[in-house]
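Enquirer: Next up, model-v9.pdb (PDB, C-alpha atoms, pLDDT in the B column).
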ATOM      1  CA  MET A  22      21.996  47.042 -10.751  1.00 94.00           C
ATOM      2  CA  LYS A  23      18.885  44.908 -11.176  1.00 95.00           C
ATOM      3  CA  ARG A  24      20.981  41.720 -11.071  1.00 95.00           C
ATOM      4  CA  GLN A  25      22.683  42.890  -7.886  1.00 96.00           C
ATOM      5  CA  VAL A  26      19.361  43.668  -6.220  1.00 97.00           C
ATOM      6  CA  ALA A  27      17.821  40.381  -7.416  1.00 96.00           C
ATOM      7  CA  ARG A  28      20.728  38.427  -5.911  1.00 96.00           C
ATOM      8  CA  ARG A  29      20.638  40.431  -2.694  1.00 97.00           C
ATOM      9  CA  ASP A  30      16.871  40.008  -2.266  1.00 96.00           C
ATOM     10  CA  SER A  31      16.698  36.383  -3.481  1.00 96.00           C
ATOM     11  CA  ASN A  32      14.509  37.453  -6.424  1.00 96.00           C
ATOM     12  CA  CYS A  33      11.646  38.388  -4.065  1.00 98.00           C
ATOM     13  CA  CYS A  34       9.256  41.348  -4.080  1.00 98.00           C
ATOM     14  CA  TYR A  35      10.286  43.778  -1.343  1.00 98.00           C
ATOM     15  CA  VAL A  36       6.620  44.596  -0.606  1.00 98.00           C
ATOM     16  CA  CYS A  37       4.928  41.188  -0.275  1.00 98.00           C
ATOM     17  CA  GLY A  38       7.916  38.833  -0.211  1.00 98.00           C
ATOM     18  CA  ARG A  39       6.667  36.726  -3.113  1.00 98.00           C
ATOM     19  CA  GLU A  40       9.442  35.034  -5.089  1.00 97.00           C
ATOM     20  CA  ALA A  41       9.402  35.400  -8.865  1.00 96.00           C
ATOM     21  CA  GLU A  42       8.302  32.198 -10.555  1.00 95.00           C
ATOM     22  CA  SER A  43      10.363  30.601 -13.299  1.00 93.00           C
ATOM     23  CA  GLY A  44      10.479  32.954 -16.288  1.00 92.00           C
ATOM     24  CA  GLU A  45       8.748  35.768 -14.388  1.00 94.00           C
ATOM     25  CA  THR A  46      10.559  39.061 -13.941  1.00 93.00           C
ATOM     26  CA  PHE A  47       9.875  41.737 -11.369  1.00 97.00           C
ATOM     27  CA  ASP A  48      10.495  45.433 -11.903  1.00 97.00           C
ATOM     28  CA  LEU A  49      13.337  47.312 -10.286  1.00 97.00           C
ATOM     29  CA  ASP A  50      11.733  50.010  -8.166  1.00 97.00           C
ATOM     30  CA  HIS A  51      12.831  53.024  -6.163  1.00 97.00           C
ATOM     31  CA  LYS A  52      11.431  52.333  -2.710  1.00 97.00           C
ATOM     32  CA  THR A  53      11.322  56.065  -2.059  1.00 95.00           C
ATOM     33  CA  PRO A  54      10.567  57.795  -5.368  1.00 94.00           C
ATOM     34  CA  ILE A  55      13.169  60.196  -6.700  1.00 93.00           C
ATOM     35  CA  SER A  56      10.444  62.864  -6.769  1.00 87.00           C
ATOM     36  CA  GLU A  57      10.107  62.388  -3.001  1.00 90.00           C
ATOM     37  CA  SER A  58      13.851  62.741  -2.320  1.00 91.00           C
ATOM     38  CA  GLY A  59      14.762  59.100  -2.891  1.00 93.00           C
ATOM     39  CA  SER A  60      18.230  58.319  -4.175  1.00 95.00           C
ATOM     40  CA  ALA A  61      18.400  57.322  -7.829  1.00 92.00           C
ATOM     41  CA  LYS A  62      21.301  54.873  -7.593  1.00 89.00           C
ATOM     42  CA  ASP A  63      21.592  53.935  -3.927  1.00 95.00           C
ATOM     43  CA  LEU A  64      21.134  50.168  -3.738  1.00 96.00           C
ATOM     44  CA  ASP A  65      19.367  50.591  -0.393  1.00 97.00           C
ATOM     45  CA  ASN A  66      16.631  52.541  -2.210  1.00 97.00           C
ATOM     46  CA  LEU A  67      16.171  49.878  -4.896  1.00 98.00           C
ATOM     47  CA  GLY A  68      14.154  46.707  -4.697  1.00 98.00           C
ATOM     48  CA  LEU A  69      12.365  44.222  -6.896  1.00 98.00           C
ATOM     49  CA  ILE A  70       8.596  44.621  -6.968  1.00 98.00           C
ATOM     50  CA  CYS A  71       5.945  42.293  -8.373  1.00 98.00           C
ATOM     51  CA  PRO A  72       3.491  43.691 -10.955  1.00 97.00           C
ATOM     52  CA  GLU A  73       0.552  43.672  -8.542  1.00 98.00           C
ATOM     53  CA  ASP A  74       2.345  45.640  -5.835  1.00 98.00           C
ATOM     54  CA  HIS A  75       3.921  47.935  -8.411  1.00 98.00           C
ATOM     55  CA  ALA A  76       0.481  48.943  -9.730  1.00 98.00           C
ATOM     56  CA  ILE A  77      -0.764  49.691  -6.196  1.00 98.00           C
ATOM     57  CA  LYS A  78       2.377  51.644  -5.284  1.00 97.00           C
ATOM     58  CA  SER A  79       2.315  53.653  -8.519  1.00 95.00           C
ATOM     59  CA  LYS A  80      -1.323  54.665  -7.966  1.00 96.00           C
ATOM     60  CA  ALA A  81      -0.524  55.813  -4.440  1.00 95.00           C
ATOM     61  CA  GLU A  82       2.484  57.824  -5.640  1.00 94.00           C
ATOM     62  CA  SER A  83       0.380  59.477  -8.355  1.00 93.00           C
ATOM     63  CA  ALA A  84      -2.301  60.379  -5.841  1.00 94.00           C
ATOM     64  CA  ARG A  85       0.301  61.974  -3.534  1.00 91.00           C
ATOM     65  CA  ALA A  86       1.783  63.953  -6.436  1.00 89.00           C
ATOM     66  CA  ASN A  87      -1.683  65.158  -7.477  1.00 91.00           C
ATOM     67  CA  ARG A  88      -2.462  66.283  -3.916  1.00 90.00           C
ATOM     68  CA  GLN A  89       0.845  68.160  -3.737  1.00 87.00           C
ATOM     69  CA  ARG A  90       0.197  69.823  -7.088  1.00 86.00           C
ATOM     70  CA  ALA A  91      -3.300  70.883  -5.994  1.00 89.00           C
ATOM     71  CA  LEU A  92      -1.948  72.263  -2.731  1.00 88.00           C
ATOM     72  CA  ARG A  93       0.714  74.306  -4.549  1.00 84.00           C
ATOM     73  CA  ARG A  94      -1.970  75.743  -6.837  1.00 85.00           C
ATOM     74  CA  GLU A  95      -4.200  76.502  -3.869  1.00 83.00           C
ATOM     75  CA  ILE A  96      -1.527  78.503  -2.057  1.00 83.00           C
ATOM     76  CA  GLY A  97      -0.302  80.176  -5.234  1.00 76.00           C
ATOM     77  CA  LEU A  98       3.051  78.430  -5.667  1.00 70.00           C
ATOM     78  CA  ASP A  99       2.188  76.851  -9.010  1.00 62.00           C
ATOM     79  CA  PRO A 100       2.618  79.379 -11.840  1.00 60.00           C
ATOM     80  CA  ARG A 101       0.218  77.406 -14.020  1.00 62.00           C
ATOM     81  CA  GLY A 102      -2.609  78.487 -11.744  1.00 52.00           C
TER      82      GLY A 102
END
Would you encode the structure as structure tokens?
Expert:
Amino acid sequence: MKRQVARRDSNCCYVCGREAESGETFDLDHKTPISESGSAKDLDNLGLICPEDHAIKSKAESARANRQRALRREIGLDPRG
């Protein structure tokens, strides 16, 4: 799948548009995380992402998940209290 996406997207990061330099590899990323109802294998939900953008995106996703977890605890939906 990564090869298909790399060919489709001309080996560019879907966030910033930067092309991978010779020998550099980008990660294959779910544009909409599976935990947020993104499709696991839909090629439209997959894209190459450079390490810099991946770190930023991952931090944002973690922050959203933490807020959701805190909200569930606050309203009593999380059995862990």
Enquirer: List the residues selected by the PyMOL selection byres ((chain A and resi 24-36) around 10) in the file shown, writing them as a list in words.
Expert: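 For this structure, the PyMOL selection byres ((chain A and resi 24-36) around 10) captures Met22, Lys23, Cys37, Gly38, Arg39, Glu40, Ala41, Glu42, Glu45, Thr46, Phe47, Asp48, Leu49, Asp50, Lys52, Leu64, Asp65, Leu67, Gly68, Leu69, Ile70, Cys71, Pro72, Asp74, His75 and Lys78 of chain A.
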Enquirer: Just give me the gap between atom CA of A:Asn66 and atom CA of A:Arg90 in Å, one decimal is fine.
Expert: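 Going from atom CA of A:Asn66 over to atom CA of A:Arg90 covers 24.3 Å.
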Enquirer: Which value, in Å to one decimal, gives the distance between atom CA of A:Thr53 and atom CA of A:Arg85?
Expert: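 We find that atom CA of A:Thr53 and atom CA of A:Arg85 lie 12.6 Å from each other.
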Enquirer: So the first atom is atom CA of A:Glu82 and the second is atom CA of A:Gly44; what is the distance between them in Å, to one decimal place?
Expert: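 Computing the Euclidean distance for atom CA of A:Glu82 and atom CA of A:Gly44 yields 28.2 Å.
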Enquirer: Let me know the centre plus edge lengths, in Å and rounded to one decimal, of a box with edges along x, y and z that contains all listed atoms of stretch 44-59 of chain A and is padded by 8 Å on every side, as lines of an AutoDock Vina configuration file.
Expert:
center_x = 11.8
center_y = 47.9
center_z = -9.2
size_x = 22.0
size_y = 45.9
size_z = 30.2
